[in-house]
Structures are given as structure tokens and as C-alpha cells.
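Pasted below: entry-v3.pdb, PDB, C-alpha atoms.
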```pdb
MODEL        1
ATOM      1  CA  MET A 112      60.074  54.934  50.615  1.00  0.00           C
ATOM      2  CA  ARG A 113      57.457  52.464  49.328  1.00  0.00           C
ATOM      3  CA  PRO A 114      56.326  52.720  45.737  1.00  0.00           C
ATOM      4  CA  ARG A 115      52.854  54.194  45.403  1.00  0.00           C
ATOM      5  CA  LYS A 116      50.150  51.734  44.327  1.00  0.00           C
ATOM      6  CA  ASN A 117      47.788  52.422  41.506  1.00  0.00           C
ATOM      7  CA  PRO A 118      44.587  53.704  43.184  1.00  0.00           C
ATOM      8  CA  ARG A 119      42.355  52.045  40.569  1.00  0.00           C
ATOM      9  CA  ALA A 120      43.967  48.671  41.218  1.00  0.00           C
ATOM     10  CA  VAL A 121      43.572  49.178  44.964  1.00  0.00           C
ATOM     11  CA  ALA A 122      39.852  49.942  44.450  1.00  0.00           C
ATOM     12  CA  LEU A 123      39.388  46.655  42.589  1.00  0.00           C
ATOM     13  CA  GLY A 124      41.179  44.743  45.310  1.00  0.00           C
ATOM     14  CA  ARG A 125      40.673  40.983  45.276  1.00  0.00           C
ATOM     15  CA  ARG A 126      37.389  41.219  43.403  1.00  0.00           C
ATOM     16  CA  GLY A 127      39.146  41.901  40.112  1.00  0.00           C
ATOM     17  CA  GLY A 128      36.846  43.066  37.324  1.00  0.00           C
ATOM     18  CA  SER A 129      33.601  42.408  39.199  1.00  0.00           C
ATOM     19  CA  VAL A 130      33.577  45.940  40.594  1.00  0.00           C
ATOM     20  CA  SER A 131      31.609  48.283  38.373  1.00  0.00           C
ATOM     21  CA  SER A 132      31.945  52.014  38.238  1.00  0.00           C
ATOM     22  CA  PRO A 133      29.548  54.351  36.414  1.00  0.00           C
ATOM     23  CA  ALA A 134      32.127  54.733  33.635  1.00  0.00           C
ATOM     24  CA  LYS A 135      32.439  50.953  33.259  1.00  0.00           C
ATOM     25  CA  VAL A 136      28.650  50.525  33.141  1.00  0.00           C
ATOM     26  CA  ALA A 137      28.388  53.238  30.471  1.00  0.00           C
ATOM     27  CA  ALA A 138      31.160  51.612  28.410  1.00  0.00           C
ATOM     28  CA  VAL A 139      29.482  48.193  28.588  1.00  0.00           C
ATOM     29  CA  ARG A 140      26.167  49.657  27.413  1.00  0.00           C
ATOM     30  CA  ARG A 141      27.873  51.570  24.607  1.00  0.00           C
ATOM     31  CA  ASN A 142      29.825  48.521  23.432  1.00  0.00           C
ATOM     32  CA  GLY A 143      26.726  46.320  23.629  1.00  0.00           C
ATOM     33  CA  THR A 144      25.111  48.258  20.805  1.00  0.00           C
ATOM     34  CA  PHE A 145      27.875  47.137  18.423  1.00  0.00           C
ATOM     35  CA  GLY A 146      27.509  43.413  19.027  1.00  0.00           C
ATOM     36  CA  GLY A 147      25.448  40.799  17.267  1.00  0.00           C
ATOM     37  CA  ARG A 148      25.037  39.545  13.771  1.00  0.00           C
ATOM     38  CA  LYS A 149      22.905  41.417  11.297  1.00  0.00           C
ATOM     39  CA  PRO A 150      19.739  39.598  10.193  1.00  0.00           C
ATOM     40  CA  LYS A 151      19.911  37.609   6.943  1.00  0.00           C
ATOM     41  CA  PHE A 152      16.804  39.351   5.557  1.00  0.00           C
ATOM     42  CA  GLN A 153      15.334  42.807   6.043  1.00  0.00           C
ATOM     43  CA  ILE A 154      11.615  43.534   6.221  1.00  0.00           C
ATOM     44  CA  GLY A 155      10.194  43.852   2.709  1.00  0.00           C
ATOM     45  CA  GLU A 156      12.780  41.665   0.963  1.00  0.00           C
ATOM     46  CA  GLN A 157      11.779  38.753  -1.254  1.00  0.00           C
ATOM     47  CA  ALA A 158      12.714  35.257  -0.080  1.00  0.00           C
ATOM     48  CA  ARG A 159      12.367  31.820  -1.678  1.00  0.00           C
ATOM     49  CA  CYS A 160      11.775  28.735   0.457  1.00  0.00           C
ATOM     50  CA  ASN A 161      14.331  26.044  -0.338  1.00  0.00           C
ATOM     51  CA  ASP A 162      14.007  22.256  -0.235  1.00  0.00           C
ATOM     52  CA  GLN A 163      14.770  22.141   3.506  1.00  0.00           C
ATOM     53  CA  ALA A 164      11.550  24.030   4.328  1.00  0.00           C
ATOM     54  CA  PRO A 165       8.406  22.173   5.419  1.00  0.00           C
ATOM     55  CA  GLY A 166       6.448  20.707   2.514  1.00  0.00           C
ATOM     56  CA  ASP A 167       3.720  23.375   2.404  1.00  0.00           C
ATOM     57  CA  TYR A 168       6.307  26.098   1.803  1.00  0.00           C
ATOM     58  CA  ARG A 169       8.856  24.515  -0.565  1.00  0.00           C
ATOM     59  CA  GLU A 170       9.757  26.542  -3.674  1.00  0.00           C
ATOM     60  CA  ARG A 171       7.376  29.363  -2.754  1.00  0.00           C
ATOM     61  CA  ILE A 172       8.379  33.017  -2.990  1.00  0.00           C
ATOM     62  CA  GLY A 173       7.212  35.471  -0.373  1.00  0.00           C
ATOM     63  CA  THR A 174       7.932  38.776   1.308  1.00  0.00           C
ATOM     64  CA  VAL A 175       9.535  39.066   4.741  1.00  0.00           C
ATOM     65  CA  ALA A 176       6.961  40.819   6.931  1.00  0.00           C
ATOM     66  CA  GLU A 177       8.507  40.467  10.389  1.00  0.00           C
ATOM     67  CA  ILE A 178      11.753  39.419  12.026  1.00  0.00           C
ATOM     68  CA  GLY A 179      11.270  37.111  14.973  1.00  0.00           C
ATOM     69  CA  PRO A 180       9.770  36.182  17.416  1.00  0.00           C
ATOM     70  CA  ASN A 181      12.803  33.905  17.883  1.00  0.00           C
ATOM     71  CA  LYS A 182      16.357  34.242  16.628  1.00  0.00           C
ATOM     72  CA  SER A 183      16.784  33.333  12.957  1.00  0.00           C
ATOM     73  CA  GLU A 184      13.018  33.249  12.439  1.00  0.00           C
ATOM     74  CA  TYR A 185      11.086  35.311   9.893  1.00  0.00           C
ATOM     75  CA  ARG A 186       7.389  35.798   9.188  1.00  0.00           C
ATOM     76  CA  VAL A 187       6.967  35.448   5.433  1.00  0.00           C
ATOM     77  CA  GLU A 188       3.775  36.378   3.582  1.00  0.00           C
ATOM     78  CA  PHE A 189       2.952  34.626   0.315  1.00  0.00           C
ATOM     79  CA  THR A 190       0.827  36.148  -2.474  1.00  0.00           C
ATOM     80  CA  ASP A 191       0.829  33.196  -4.876  1.00  0.00           C
ATOM     81  CA  GLY A 192      -2.673  32.089  -3.883  1.00  0.00           C
ATOM     82  CA  GLY A 193      -1.565  28.891  -2.154  1.00  0.00           C
ATOM     83  CA  GLN A 194      -2.256  27.949   1.419  1.00  0.00           C
ATOM     84  CA  PRO A 195      -0.977  28.861   3.986  1.00  0.00           C
ATOM     85  CA  LEU A 196      -0.838  32.595   3.264  1.00  0.00           C
ATOM     86  CA  HIS A 197       1.983  33.254   5.763  1.00  0.00           C
ATOM     87  CA  GLY A 198       4.351  31.312   7.948  1.00  0.00           C
ATOM     88  CA  TYR A 199       7.106  31.651  10.522  1.00  0.00           C
ATOM     89  CA  LEU A 200      10.169  30.184   8.820  1.00  0.00           C
ATOM     90  CA  MET A 201      13.753  29.659   9.943  1.00  0.00           C
ATOM     91  CA  SER A 202      16.526  31.476   8.097  1.00  0.00           C
ATOM     92  CA  TRP A 203      18.106  28.241   6.795  1.00  0.00           C
ATOM     93  CA  TRP A 204      14.813  27.420   5.038  1.00  0.00           C
ATOM     94  CA  LEU A 205      15.019  30.671   3.038  1.00  0.00           C
ATOM     95  CA  ASP A 206      17.202  31.797   0.127  1.00  0.00           C
ATOM     96  CA  ARG A 207      17.617  35.217  -1.424  1.00  0.00           C
ATOM     97  CA  THR A 208      15.846  35.891  -4.695  1.00  0.00           C
ATOM     98  CA  PRO A 209      17.785  37.679  -7.431  1.00  0.00           C
TER      99      PRO A 209
ENDMDL
END
```
Structure rendered as C-alpha cells:
Amino acid sequence: MRPRKNPRAVALGRRGGSVSSPAKVAAVRRNGTFGGRKPKFQIGEQARCNDQAPGDYRERIGTVAEIGPNKSEYRVEFTDGGQPLHGYLMSWWLDRTP
């Protein structure tokens, strides 16, 4: 008598993991919500531009108004009276304020 094969392995056949079942699709979607790094700043937090920022923004303190449009980019609004009043700045140009 031949040993019985695992029916799930038979269903995958030579295609390996490329076959997707409804359960596998649901698991991938569920696990996808856990991934990714949290943003460095939240909306409403204070941020100080460091010396790596473009010259118009250096040493200015502003409030994070928006996250994005690109990864690691934040829209910061400044209320110190200087120009420009807001800017889209990269996360490595910003430091936390105590």
C-alpha cells in the first residue's frame, strides 16, 4: 500500500507557493497591516530643522501639518514670521523638540 500524499502539497504541485487560496489571500492582507515603520513625527508635533536642512529652514521650529506626499517627507508650518511659511522637509532634516 502506497503512503497517502498530503492533499495540500498535491494542490500546490510544481508551482510551490505561487498558488493562492482564499485563506492565503486573507492571511497576506491581515499580515500586511502589521508591516512598515512608524513615522518619525505625528501630525501636530513640534519639529526643529537641523543644519542639514536647506538654508531657508535651518534652526527654525515648526509644526508638522501633514505626512507625505513621499516617504520620510513632512509638511511643516512655521509661525515665526519668516519666509517661507511652510515647506515639505525630509525626516533627516528634522529633530524633535523637547
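Of the residues listed (A:Glu170, A:Glu156, A:Asp162, A:Glu177), A:Glu177 shows the shortest atom-to-atom separation from A:His197; distances use all atoms listed in the file.
Counting all atoms listed in the file, stretch 143-151 of chain A has the following residues at most 10 Å away, ignoring those fewer than 5 positions along the same chain: Ala137, Ala138, Ile178, Lys182, Ser183, Glu184, Tyr185, Ser202, Trp203, Leu205, Asp206 and Arg207 of chain A.
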Checklist entry - Using only C-alpha atoms, which of the listed residues (A:Pro209, A:Gly166, A:Gly173, A:Pro118) sits closest to A:Asp191? => result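 Using only C-alpha atoms, A:Asp191 sits closest to A:Gly173.
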Checklist entry - How many Å lie between atom CA of A:Gln157 and atom CA of A:Thr208, rounded to one decimal? => result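 Here the two named atoms are 6.0 Å from each other.
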Item to check | For atom CA of A:Gln153 and atom CA of A:Gly198, the interatomic separation in Å (one decimal) | outcome: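 About the pair atom CA of A:Gln153 and atom CA of A:Gly198: they are 16.0 Å apart.
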Next on the checklist: From the options A:Leu196, A:Val175, A:Ser131, A:Asp167, which residue's atoms come nearest to A:Ile154, counting only C-alpha atoms?
Outcome noted: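 Residue with the minimum atom-to-atom distance to A:Ile154: A:Val175.
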Item to check | Selection as a ChimeraX atom specification: residues within 6 Å of (7.5, 33.1, -3.0), counting all atoms listed in the file | outcome: /A:159,171-173,189
Checklist outcome for this item: Between atom CA of A:Gly193 and atom CA of A:Gln163 lies a distance of 18.6 Å
